[in-house]
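Trainee: Quick one: the structure is below, and I'll ask about it shortly.
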Amino acid sequence: AEFQPDRENIKEHLAFGRGPHLCPGAMLARAEARIATRTFLSRFPSIAHAPGTEPAYHPNLVHRMADNLPLVVTA
């Protein structure tokens with residue numbers, strides 16, 4: 001396998017894997033994401049939808065994924 005960041009289908013799939021294909025850094029990445037989220041929310045406690053905007057959702061049968069989510073973030 002070869003990492004190709006400029007491949008055509010780059011946005012189609014990104015995961016940590018599962019079972020024997022589990023990424024060795026998955027637990028660290030999840031911990032970092034948890035810490036980053038908590039830190040962000042503690043520093044910016046006021047987060048709201050940007051007035052006059054609506055999020056755009058990516059069509060998916062399994063997950064609800066936002067293509068964009070306009071927010072107003074204040075300290």
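Labels used: A, B, ... for chains in the order of the structure tokens, numbers from 1 for residues in each chain, and numbers from 1 for ligands as shown.
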I'd like to know which residues of chain A are strand (DSSP E or B) (by DSSP, run on the backbone); could you write them as a PDB file with C-alpha atoms, in the first residue's frame?
Mentor:
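Below you can see selection_37.pdb, which holds the result:
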ATOM      1  CA  SER A  46     -20.450  30.535  23.419  1.00  0.00           C
ATOM      2  CA  ILE A  47     -21.019  28.733  20.118  1.00  0.00           C
ATOM      3  CA  ALA A  48     -24.143  29.323  18.014  1.00  0.00           C
ATOM      4  CA  HIS A  49     -25.357  28.925  14.453  1.00  0.00           C
ATOM      5  CA  ALA A  56     -25.406  21.895   4.285  1.00  0.00           C
ATOM      6  CA  TYR A  57     -25.552  18.150   4.788  1.00  0.00           C
ATOM      7  CA  HIS A  58     -23.738  15.465   2.843  1.00  0.00           C
ATOM      8  CA  MET A  65     -22.560  14.600   8.042  1.00  0.00           C
ATOM      9  CA  ALA A  66     -22.388  18.346   7.585  1.00  0.00           C
ATOM     10  CA  ASP A  67     -20.537  19.648   4.521  1.00  0.00           C
ATOM     11  CA  ASN A  68     -20.446  23.029   6.223  1.00  0.00           C
ATOM     12  CA  LEU A  71     -20.968  29.088  13.463  1.00  0.00           C
ATOM     13  CA  VAL A  72     -20.333  32.171  15.532  1.00  0.00           C
ATOM     14  CA  VAL A  73     -17.717  31.473  18.226  1.00  0.00           C
ATOM     15  CA  THR A  74     -17.038  33.965  21.013  1.00  0.00           C
TER      16      THR A  74
END
Trainee: Per DSSP on the backbone, what are the alpha helix (DSSP H) residues of chain A, as a PyMOL selection string?
Mentor: chain A and resi 26-43
Trainee: Fewer than 3 positions away in the same chain doesn't count, so skip those; otherwise give me all residues within 6 Å of Ala26 in chain A, counting only C-alpha atoms, as a PyMOL selection string.
Mentor: chain A and resi 16+23+29
Trainee: What is the distance, in Å and to one decimal place, between CA of Pro51 in chain A and CA of Leu69 in chain A?
Mentor: 11.6 Å
Trainee: Between CA of Ala75 in chain A and CA of Thr39 in chain A, what is the distance, to one decimal in Å?
Mentor: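 Rounded to one decimal, the two atoms are 12.2 Å apart.
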Trainee: Quick check, in Å to one decimal: how far apart do CA of Ser42 in chain A and CA of Pro55 in chain A lie?
Mentor: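 Here the two named atoms are 23.7 Å from each other.
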